[in-house]
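Have a look at run_1.cif; it's mmCIF, C-alpha atoms:
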```
data_entry
#
loop_
_atom_site.group_PDB
_atom_site.id
_atom_site.type_symbol
_atom_site.label_atom_id
_atom_site.label_comp_id
_atom_site.auth_asym_id
_atom_site.auth_seq_id
_atom_site.Cartn_x
_atom_site.Cartn_y
_atom_site.Cartn_z
ATOM 1 C CA MET A 628 -97.135 53.398 -10.973
ATOM 2 C CA ARG A 629 -99.253 55.986 -12.706
ATOM 3 C CA ASP A 630 -99.738 56.936 -16.309
ATOM 4 C CA ASN A 631 -100.131 60.605 -17.188
ATOM 5 C CA GLY A 632 -103.811 60.876 -16.277
ATOM 6 C CA ARG A 633 -105.195 62.378 -13.096
ATOM 7 C CA VAL A 634 -105.752 60.303 -9.999
ATOM 8 C CA THR A 635 -109.194 58.784 -9.578
ATOM 9 C CA SER A 636 -110.776 60.405 -6.510
ATOM 10 C CA ALA A 637 -113.424 58.855 -4.323
ATOM 11 C CA THR A 638 -116.087 60.951 -2.673
ATOM 12 C CA ARG A 639 -114.474 62.976 0.077
ATOM 13 C CA ARG A 640 -115.179 61.547 3.525
ATOM 14 C CA PRO A 641 -114.474 62.887 7.008
ATOM 15 C CA GLU A 642 -110.970 62.491 8.313
ATOM 16 C CA THR A 643 -110.791 59.734 10.941
ATOM 17 C CA PRO A 644 -107.868 58.525 13.061
ATOM 18 C CA ALA A 645 -106.390 55.059 13.168
ATOM 19 C CA SER A 646 -106.333 53.560 16.638
ATOM 20 C CA PRO A 647 -103.153 54.528 18.511
ATOM 21 C CA ARG A 648 -101.099 51.475 19.390
ATOM 22 C CA THR A 649 -97.449 50.866 20.091
ATOM 23 C CA PRO A 650 -95.079 53.618 18.947
ATOM 24 C CA PRO A 651 -94.316 53.038 15.259
ATOM 25 C CA ARG A 652 -90.873 51.974 14.137
ATOM 26 C CA LEU A 653 -91.481 52.177 10.390
ATOM 27 C CA ILE A 654 -93.536 54.372 8.056
ATOM 28 C CA ALA A 655 -94.409 52.864 4.668
ATOM 29 C CA THR A 656 -95.774 55.310 2.140
ATOM 30 C CA ASP A 657 -96.892 55.072 -1.441
ATOM 31 C CA LEU A 658 -95.722 57.900 -3.705
ATOM 32 C CA ASP A 659 -98.099 58.921 -6.527
ATOM 33 C CA GLY A 660 -101.386 60.207 -5.179
ATOM 34 C CA THR A 661 -100.100 59.773 -1.620
ATOM 35 C CA LEU A 662 -96.767 61.347 -0.663
ATOM 36 C CA LEU A 663 -96.403 63.271 -3.917
ATOM 37 C CA ARG A 664 -98.658 66.124 -4.880
ATOM 38 C CA ASP A 665 -100.356 65.900 -8.274
ATOM 39 C CA ASP A 666 -97.487 67.901 -9.827
ATOM 40 C CA LYS A 667 -95.125 65.119 -8.583
ATOM 41 C CA SER A 668 -93.444 67.396 -6.053
ATOM 42 C CA VAL A 669 -92.745 66.718 -2.383
ATOM 43 C CA SER A 670 -93.942 69.695 -0.358
ATOM 44 C CA PRO A 671 -91.617 71.420 2.137
ATOM 45 C CA ARG A 672 -93.967 70.345 4.945
ATOM 46 C CA THR A 673 -93.686 66.703 3.870
ATOM 47 C CA VAL A 674 -89.899 66.924 3.539
ATOM 48 C CA ALA A 675 -89.705 68.272 7.076
ATOM 49 C CA ALA A 676 -92.036 65.576 8.431
ATOM 50 C CA LEU A 677 -90.031 62.748 6.834
ATOM 51 C CA ALA A 678 -86.783 64.169 8.226
ATOM 52 C CA ALA A 679 -88.322 64.528 11.692
ATOM 53 C CA ALA A 680 -89.531 60.933 11.615
ATOM 54 C CA GLU A 681 -86.068 59.651 10.731
ATOM 55 C CA GLU A 682 -84.553 61.882 13.428
ATOM 56 C CA ALA A 683 -86.916 60.247 15.943
ATOM 57 C CA GLY A 684 -85.645 56.820 14.897
ATOM 58 C CA ILE A 685 -88.561 55.828 12.671
ATOM 59 C CA GLU A 686 -87.514 54.234 9.391
ATOM 60 C CA VAL A 687 -89.245 55.537 6.259
ATOM 61 C CA PHE A 688 -89.849 53.227 3.318
ATOM 62 C CA PHE A 689 -91.101 54.479 -0.023
ATOM 63 C CA VAL A 690 -93.325 51.670 -1.337
ATOM 64 C CA THR A 691 -94.366 52.266 -4.927
ATOM 65 C CA GLY A 692 -95.376 50.759 -8.230
ATOM 66 C CA ARG A 693 -92.720 52.909 -9.904
ATOM 67 C CA PRO A 694 -89.600 51.304 -11.371
ATOM 68 C CA ALA A 695 -86.256 52.217 -9.839
ATOM 69 C CA ARG A 696 -85.407 54.590 -12.682
ATOM 70 C CA TRP A 697 -88.407 56.758 -11.757
ATOM 71 C CA MET A 698 -87.292 57.290 -8.162
ATOM 72 C CA ASP A 699 -85.555 60.595 -8.810
ATOM 73 C CA VAL A 700 -88.652 62.337 -7.417
ATOM 74 C CA VAL A 701 -87.629 61.283 -3.898
ATOM 75 C CA SER A 702 -83.882 60.688 -4.205
ATOM 76 C CA ASP A 703 -83.198 64.084 -2.641
ATOM 77 C CA HIS A 704 -85.276 63.122 0.403
ATOM 78 C CA VAL A 705 -83.512 59.889 1.335
ATOM 79 C CA HIS A 706 -82.474 59.650 4.957
ATOM 80 C CA GLY A 707 -80.970 56.813 6.971
ATOM 81 C CA HIS A 708 -81.048 53.490 5.126
ATOM 82 C CA GLY A 709 -82.326 54.913 1.829
ATOM 83 C CA LEU A 710 -84.227 51.805 0.773
ATOM 84 C CA ALA A 711 -87.363 51.758 -1.368
ATOM 85 C CA ILE A 712 -89.724 48.993 -2.471
ATOM 86 C CA CYS A 713 -90.363 49.419 -6.193
ATOM 87 C CA GLY A 714 -92.493 47.713 -8.824
ATOM 88 C CA ASN A 715 -95.270 46.833 -6.346
ATOM 89 C CA GLY A 716 -92.881 44.697 -4.328
ATOM 90 C CA ALA A 717 -90.842 43.243 -7.180
ATOM 91 C CA ALA A 718 -87.628 44.953 -6.057
ATOM 92 C CA VAL A 719 -85.981 46.485 -3.022
ATOM 93 C CA VAL A 720 -83.701 49.285 -4.167
ATOM 94 C CA ASP A 721 -80.962 51.273 -2.434
ATOM 95 C CA LEU A 722 -81.444 54.902 -3.486
ATOM 96 C CA HIS A 723 -78.199 56.253 -2.068
ATOM 97 C CA GLY A 724 -76.478 56.251 -5.441
ATOM 98 C CA GLY A 725 -78.906 58.839 -6.777
ATOM 99 C CA PRO A 726 -80.751 58.880 -10.117
ATOM 100 C CA GLY A 727 -79.351 56.342 -12.562
ATOM 101 C CA ALA A 728 -77.151 54.675 -9.951
ATOM 102 C CA HIS A 729 -79.659 52.764 -7.850
ATOM 103 C CA ARG A 730 -78.592 49.358 -6.532
ATOM 104 C CA PHE A 731 -80.988 46.410 -6.496
ATOM 105 C CA VAL A 732 -80.890 44.787 -3.061
ATOM 106 C CA THR A 733 -83.640 42.213 -3.680
ATOM 107 C CA VAL A 734 -85.413 41.136 -6.876
ATOM 108 C CA ARG A 735 -88.635 39.093 -6.807
ATOM 109 C CA GLU A 736 -89.059 38.352 -10.473
ATOM 110 C CA LEU A 737 -92.031 37.172 -12.487
ATOM 111 C CA ALA A 738 -91.086 33.839 -14.065
ATOM 112 C CA ARG A 739 -91.315 33.943 -17.854
ATOM 113 C CA ASP A 740 -93.570 30.876 -17.963
ATOM 114 C CA ASN A 741 -96.000 32.588 -15.624
ATOM 115 C CA ALA A 742 -95.752 35.824 -17.586
ATOM 116 C CA LEU A 743 -96.488 34.120 -20.898
ATOM 117 C CA ASP A 744 -99.383 32.225 -19.381
ATOM 118 C CA ALA A 745 -100.831 35.443 -17.956
ATOM 119 C CA VAL A 746 -100.558 37.189 -21.325
ATOM 120 C CA ARG A 747 -102.277 34.334 -23.152
ATOM 121 C CA ARG A 748 -105.079 34.011 -20.601
ATOM 122 C CA LEU A 749 -105.773 37.731 -20.604
ATOM 123 C CA ARG A 750 -105.665 37.933 -24.408
ATOM 124 C CA ASP A 751 -108.451 35.341 -24.476
ATOM 125 C CA ALA A 752 -110.472 37.015 -21.726
ATOM 126 C CA ALA A 753 -110.048 40.615 -22.893
ATOM 127 C CA PRO A 754 -109.328 40.900 -26.641
ATOM 128 C CA GLY A 755 -107.587 44.125 -27.522
ATOM 129 C CA THR A 756 -105.296 44.137 -24.460
ATOM 130 C CA MET A 757 -101.837 45.571 -25.163
ATOM 131 C CA TYR A 758 -98.709 44.787 -23.166
ATOM 132 C CA ALA A 759 -95.430 46.195 -21.948
ATOM 133 C CA VAL A 760 -92.679 44.366 -20.048
ATOM 134 C CA GLU A 761 -90.843 45.976 -17.141
ATOM 135 C CA GLN A 762 -87.420 44.511 -16.305
ATOM 136 C CA THR A 763 -84.811 45.570 -13.797
ATOM 137 C CA TYR A 764 -83.242 48.006 -16.231
ATOM 138 C CA GLY A 765 -85.155 47.652 -19.492
ATOM 139 C CA PHE A 766 -88.622 48.626 -20.673
ATOM 140 C CA HIS A 767 -90.135 46.915 -23.713
ATOM 141 C CA GLN A 768 -93.576 47.106 -25.276
ATOM 142 C CA GLU A 769 -95.811 45.970 -28.065
ATOM 143 C CA PRO A 770 -95.996 48.378 -31.035
ATOM 144 C CA GLN A 771 -99.644 49.253 -30.360
ATOM 145 C CA TYR A 772 -99.159 49.863 -26.616
ATOM 146 C CA PRO A 773 -100.027 53.535 -25.961
ATOM 147 C CA LYS A 774 -97.508 56.144 -24.913
ATOM 148 C CA LEU A 775 -98.301 56.261 -21.210
ATOM 149 C CA HIS A 776 -94.979 56.502 -19.448
ATOM 150 C CA MET A 777 -93.047 59.411 -20.953
ATOM 151 C CA GLU A 778 -90.161 57.221 -22.071
ATOM 152 C CA VAL A 779 -88.914 55.539 -25.208
ATOM 153 C CA PRO A 780 -89.106 51.723 -25.034
ATOM 154 C CA ASP A 781 -85.956 49.702 -25.602
ATOM 155 C CA THR A 782 -87.762 47.218 -27.859
ATOM 156 C CA LEU A 783 -90.999 47.063 -29.851
ATOM 157 C CA ALA A 784 -92.281 43.498 -30.293
ATOM 158 C CA PRO A 785 -95.235 41.262 -29.385
ATOM 159 C CA ALA A 786 -95.284 40.271 -25.725
ATOM 160 C CA GLU A 787 -94.849 36.603 -26.627
ATOM 161 C CA GLU A 788 -91.537 37.461 -28.324
ATOM 162 C CA LEU A 789 -90.377 39.708 -25.492
ATOM 163 C CA LEU A 790 -91.055 36.957 -22.947
ATOM 164 C CA ALA A 791 -89.750 33.998 -24.964
ATOM 165 C CA PRO A 792 -87.007 31.943 -23.257
ATOM 166 C CA ASP A 793 -84.577 32.752 -26.074
ATOM 167 C CA ALA A 794 -85.449 36.471 -26.332
ATOM 168 C CA HIS A 795 -82.581 38.948 -26.286
ATOM 169 C CA THR A 796 -84.061 40.220 -23.009
ATOM 170 C CA ALA A 797 -83.940 36.793 -21.346
ATOM 171 C CA GLY A 798 -80.832 37.529 -19.275
ATOM 172 C CA GLU A 799 -82.590 40.202 -17.240
ATOM 173 C CA PRO A 800 -85.339 39.510 -14.660
ATOM 174 C CA VAL A 801 -88.923 40.467 -15.472
ATOM 175 C CA LEU A 802 -90.386 42.548 -12.643
ATOM 176 C CA LYS A 803 -93.900 42.959 -13.993
ATOM 177 C CA ILE A 804 -96.084 43.112 -17.063
ATOM 178 C CA LEU A 805 -98.254 46.109 -17.847
ATOM 179 C CA ALA A 806 -101.572 45.370 -19.560
ATOM 180 C CA HIS A 807 -103.630 48.189 -21.062
ATOM 181 C CA HIS A 808 -107.125 47.988 -22.501
ATOM 182 C CA PRO A 809 -108.478 50.869 -24.597
ATOM 183 C CA SER A 810 -112.131 50.687 -23.547
ATOM 184 C CA LEU A 811 -112.813 48.574 -20.444
ATOM 185 C CA ASP A 812 -113.672 50.132 -17.099
ATOM 186 C CA PRO A 813 -110.509 50.004 -14.919
ATOM 187 C CA ASP A 814 -112.080 48.148 -11.996
ATOM 188 C CA ALA A 815 -113.965 45.758 -14.287
ATOM 189 C CA PHE A 816 -110.703 45.037 -16.142
ATOM 190 C CA LEU A 817 -108.967 44.288 -12.852
ATOM 191 C CA THR A 818 -111.682 41.850 -11.772
ATOM 192 C CA LEU A 819 -111.704 40.163 -15.180
ATOM 193 C CA ALA A 820 -107.920 39.767 -15.189
ATOM 194 C CA ARG A 821 -107.784 38.323 -11.692
ATOM 195 C CA LEU A 822 -110.380 35.710 -12.624
ATOM 196 C CA ALA A 823 -108.629 34.867 -15.897
ATOM 197 C CA ILE A 824 -105.068 34.683 -14.555
ATOM 198 C CA GLY A 825 -105.851 33.071 -11.216
ATOM 199 C CA ASP A 826 -102.831 32.080 -9.136
ATOM 200 C CA ARG A 827 -100.363 32.312 -12.022
ATOM 201 C CA ALA A 828 -99.586 35.937 -11.134
ATOM 202 C CA ASN A 829 -100.627 38.793 -8.860
ATOM 203 C CA VAL A 830 -102.711 41.440 -10.645
ATOM 204 C CA THR A 831 -103.363 44.958 -9.382
ATOM 205 C CA ARG A 832 -103.660 48.532 -10.605
ATOM 206 C CA SER A 833 -102.589 52.037 -9.609
ATOM 207 C CA SER A 834 -103.623 54.029 -12.667
ATOM 208 C CA PRO A 835 -106.902 55.874 -13.277
ATOM 209 C CA SER A 836 -107.009 54.217 -16.695
ATOM 210 C CA ALA A 837 -107.497 50.540 -17.565
ATOM 211 C CA LEU A 838 -103.822 49.746 -16.934
ATOM 212 C CA LEU A 839 -103.007 46.622 -14.926
ATOM 213 C CA GLU A 840 -99.733 45.645 -13.260
ATOM 214 C CA ILE A 841 -98.960 41.913 -13.205
ATOM 215 C CA SER A 842 -96.276 40.551 -10.860
ATOM 216 C CA GLY A 843 -95.131 37.221 -9.484
ATOM 217 C CA PRO A 844 -97.800 35.091 -7.724
ATOM 218 C CA ASP A 845 -96.872 36.120 -4.177
ATOM 219 C CA VAL A 846 -95.399 39.523 -4.961
ATOM 220 C CA SER A 847 -97.085 42.607 -3.568
ATOM 221 C CA LYS A 848 -96.205 45.729 -1.656
ATOM 222 C CA ALA A 849 -97.382 43.969 1.500
ATOM 223 C CA SER A 850 -95.389 40.751 1.098
ATOM 224 C CA THR A 851 -92.110 42.528 0.335
ATOM 225 C CA LEU A 852 -92.658 45.052 3.126
ATOM 226 C CA ALA A 853 -93.292 42.149 5.512
ATOM 227 C CA LEU A 854 -89.984 40.559 4.477
ATOM 228 C CA CYS A 855 -88.117 43.844 5.009
ATOM 229 C CA CYS A 856 -89.718 44.284 8.420
ATOM 230 C CA ALA A 857 -88.909 40.721 9.463
ATOM 231 C CA GLU A 858 -85.245 41.363 8.644
ATOM 232 C CA ARG A 859 -85.351 44.319 11.051
ATOM 233 C CA GLY A 860 -87.333 42.650 13.799
ATOM 234 C CA ILE A 861 -90.274 44.985 13.219
ATOM 235 C CA SER A 862 -93.787 43.633 13.676
ATOM 236 C CA HIS A 863 -96.763 44.716 11.588
ATOM 237 C CA ASP A 864 -98.172 46.480 14.680
ATOM 238 C CA GLU A 865 -95.157 48.801 14.557
ATOM 239 C CA VAL A 866 -95.827 49.871 10.935
ATOM 240 C CA VAL A 867 -97.864 52.864 9.759
ATOM 241 C CA ALA A 868 -98.802 52.740 6.063
ATOM 242 C CA PHE A 869 -100.299 55.235 3.607
ATOM 243 C CA GLY A 870 -101.897 54.684 0.194
ATOM 244 C CA ASP A 871 -104.566 55.659 -2.293
ATOM 245 C CA MET A 872 -105.077 52.955 -4.932
ATOM 246 C CA PRO A 873 -105.869 49.217 -5.203
ATOM 247 C CA ASN A 874 -102.186 48.248 -5.294
ATOM 248 C CA ASP A 875 -101.964 49.608 -1.724
ATOM 249 C CA VAL A 876 -104.844 47.562 -0.258
ATOM 250 C CA GLU A 877 -102.807 44.556 0.922
ATOM 251 C CA MET A 878 -100.181 46.801 2.535
ATOM 252 C CA LEU A 879 -102.816 48.881 4.316
ATOM 253 C CA THR A 880 -104.547 45.743 5.564
ATOM 254 C CA TRP A 881 -101.264 44.241 6.818
ATOM 255 C CA ALA A 882 -99.946 47.307 8.660
ATOM 256 C CA GLY A 883 -100.935 47.866 12.274
ATOM 257 C CA ARG A 884 -102.038 51.416 11.470
ATOM 258 C CA SER A 885 -102.967 52.534 7.991
ATOM 259 C CA TYR A 886 -104.337 55.656 6.365
ATOM 260 C CA ALA A 887 -106.273 56.164 3.160
ATOM 261 C CA MET A 888 -105.703 59.498 1.500
ATOM 262 C CA GLY A 889 -108.637 61.888 1.057
ATOM 263 C CA ASN A 890 -108.369 61.244 -2.691
ATOM 264 C CA ALA A 891 -108.307 57.446 -2.310
ATOM 265 C CA HIS A 892 -110.098 54.757 -4.294
ATOM 266 C CA PRO A 893 -113.164 53.324 -2.479
ATOM 267 C CA ASP A 894 -111.421 49.968 -1.932
ATOM 268 C CA VAL A 895 -108.609 51.775 -0.134
ATOM 269 C CA LEU A 896 -111.020 53.723 2.058
ATOM 270 C CA ALA A 897 -112.576 50.398 3.049
ATOM 271 C CA ALA A 898 -109.225 48.695 3.762
ATOM 272 C CA ALA A 899 -107.458 51.356 5.830
ATOM 273 C CA SER A 900 -107.928 51.736 9.585
ATOM 274 C CA GLY A 901 -107.860 55.528 9.313
ATOM 275 C CA ARG A 902 -108.161 58.389 6.868
ATOM 276 C CA THR A 903 -106.194 61.541 6.305
ATOM 277 C CA VAL A 904 -106.557 64.493 3.961
ATOM 278 C CA ALA A 905 -105.639 64.406 0.270
ATOM 279 C CA ASN A 906 -102.146 64.221 -1.178
ATOM 280 C CA ASN A 907 -102.331 67.857 -2.303
ATOM 281 C CA ASP A 908 -103.078 68.812 1.313
ATOM 282 C CA ASP A 909 -100.024 66.963 2.710
ATOM 283 C CA GLY A 910 -102.026 64.124 4.238
ATOM 284 C CA VAL A 911 -98.949 62.008 5.011
ATOM 285 C CA ALA A 912 -97.237 64.890 6.790
ATOM 286 C CA VAL A 913 -100.377 65.610 8.829
ATOM 287 C CA VAL A 914 -100.345 62.088 10.284
ATOM 288 C CA ILE A 915 -96.573 61.964 10.841
ATOM 289 C CA GLU A 916 -96.773 65.206 12.796
ATOM 290 C CA GLN A 917 -99.543 63.715 14.941
ATOM 291 C CA ILE A 918 -97.539 60.539 15.540
ATOM 292 C CA LEU A 919 -94.461 62.476 16.614
ATOM 293 C CA ALA A 920 -96.539 64.622 18.954
ATOM 294 C CA GLU A 921 -98.121 61.515 20.515
ATOM 295 C CA HIS A 922 -95.078 59.322 20.965
ATOM 296 C CA TYR A 923 -91.833 61.338 20.749
#
```
Translate this file's structure into structure tokens.
Amino acid sequence: MRDNGRVTSATRRPETPASPRTPPRLIATDLDGTLLRDDKSVSPRTVAALAAAEEAGIEVFFVTGRPARWMDVVSDHVHGHGLAICGNGAAVVDLHGGPGAHRFVTVRELARDNALDAVRRLRDAAPGTMYAVEQTYGFHQEPQYPKLHMEVPDTLAPAEELLAPDAHTAGEPVLKILAHHPSLDPDAFLTLARLAIGDRANVTRSSPSALLEISGPDVSKASTLALCCAERGISHDEVVAFGDMPNDVEMLTWAGRSYAMGNAHPDVLAAASGRTVANNDDGVAVVIEQILAEHY
């Protein structure tokens, strides 16, 4: 999930291929900074490539940090099963209903005890951190949390109140916590948070600002994608994945073939087995076209 800033770009490196292996059965692609152009559009070339992949029998999974309610950007491009992994693996969502009518297929929630513990530990380690709470349908934030997400929160209250066992939000699963710091370097904040929170939660980031995304201890894009693939009898060697930010690293490492975008974070460039051109140059479509030419 991104805030409204521009994507952090690493130094441009030469395009390199991932090693060809067995014909892929599933394509897993991040959205912001990857499939989507910077204006949040899906190019005609990319639309055509996704449709051609599905026509060839390759499943396409959108795997994103976005919540389900932000999936309207790709709802018009759903083919076949129409499933997406949202919230960095916290939910599997059926997009067939269209904007506002998405159905949650799987929810991997962040336990409130873990969430409260993560908030307290990070408050001690990084004073000045501000929080928001993402639930299946609701979005709540602390009063001082900055306006990053172009939406009006349902509730304004301290995180400890929002996450309390008797809170009015307690009947709805927590998918993740958002933690923003006004002055820390984004990568330094991520490292600090991971050390402070330990195994109580999974911490990652997808924003160019110091905005962290905190999920359940074993919840990531990779772990939920692995579960979805296991249900379909698809091995990791049959998956091609695309991404650009730290929240994509585990997925890119797990997939048999993976591609870092030309605009990717250095950690992503190091994790992926191949590289493609930037999101604004239709890097996902470029690789899909190559795959179809090679195998179908």
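Among the candidates A:Val914, A:Ala898, A:Ile861, A:Cys713, the one nearest to A:Thr649 when counting all atoms listed in the file is A:Ile861.
When the PyMOL selection byres ((chain A and resi 897) around 12) is evaluated against the file, it yields Ala637, Arg640, Gly870, Asp871, Met872, Pro873, Asp875, Val876, Glu877, Leu879, Thr880, Ser885, Tyr886, Ala887, Met888, Ala891, His892, Pro893, Asp894, Val895, Leu896, Ala898, Ala899, Ser900, Gly901 and Arg902 of chain A.
Comparing A:Asn890, A:Asn715, A:Thr656, A:Asn907 by their smallest distance to A:Val701, the closest is A:Thr656 (using all atoms listed in the file).
Closest approach to A:Pro785 among A:Gly798, A:Leu822, A:Tyr923, A:Leu743: A:Leu743, based on all atoms listed in the file.
Reported to one decimal place, the separation of atom CA of A:Leu802 from atom CA of A:Tyr764 is 9.7 Å.
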Output the residue selection produced by the PyMOL selection byres ((chain A and resi 739) around 10) on the file above, formatted as a list of chain:residue names.
A:Glu736, A:Leu737, A:Ala738, A:Asp740, A:Asn741, A:Ala742, A:Leu743, A:Asp744, A:Ala745, A:Glu787, A:Leu789, A:Leu790, A:Ala791, A:Pro792, A:Ala797, A:Pro800, A:Val801, A:Gly843
The residues within 7 Å of (-108.2, 64.8, 2.9), using only C-alpha atoms and the coordinates of the file, should be reported as a PyMOL selection string; which are they?
chain A and resi 642+888-890+903-905+908+910
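Atom CA of A:Gly692 sits 4.2 Å away from atom CA of A:Gly714.
Of the listed residues (A:Ala882, A:Ala784, A:Val913, A:Val846), A:Ala882 comes nearest to A:Leu653; the distances count only C-alpha atoms.
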Just say which residues the PyMOL selection byres ((chain A and resi 832) around 12) picks in this file, as a PyMOL selection string.
chain A and resi 628-630+634-635+691-693+714-715+803-807+813-818+820-821+829-831+833-842+847-848+871-876+892+894
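Between A:Asp751 and the residues A:Ile824, A:Ser862, A:Asp666, A:Ala849, the shortest atom-to-atom distance, using all atoms listed in the file, involves A:Ile824.
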Which residue gives the smallest distance to A:Arg735 among A:Ile915, A:Leu854, A:Ala823, A:Val669, with only C-alpha atoms counted?
A:Leu854
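One finds atom CA of A:His922 at 9.6 Å from atom CA of A:Ala683.
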Exercise: A:Ala655 partners within 8 Å, all atoms listed in the file, chain neighbours under 4 positions left out, as JSON, numbers by chain
{"A": [687, 688, 689, 690, 866, 867, 868, 869]}
Go ahead and save the picked residues with C-alpha atoms, as a PDB file, in the frame of the given file.
```pdb
ATOM      1  CA  VAL A 687     -89.245  55.537   6.259  1.00  0.00           C
ATOM      2  CA  PHE A 688     -89.849  53.227   3.318  1.00  0.00           C
ATOM      3  CA  PHE A 689     -91.101  54.479  -0.023  1.00  0.00           C
ATOM      4  CA  VAL A 690     -93.325  51.670  -1.337  1.00  0.00           C
ATOM      5  CA  VAL A 866     -95.827  49.871  10.935  1.00  0.00           C
ATOM      6  CA  VAL A 867     -97.864  52.864   9.759  1.00  0.00           C
ATOM      7  CA  ALA A 868     -98.802  52.740   6.063  1.00  0.00           C
ATOM      8  CA  PHE A 869    -100.299  55.235   3.607  1.00  0.00           C
TER       9      PHE A 869
END
```
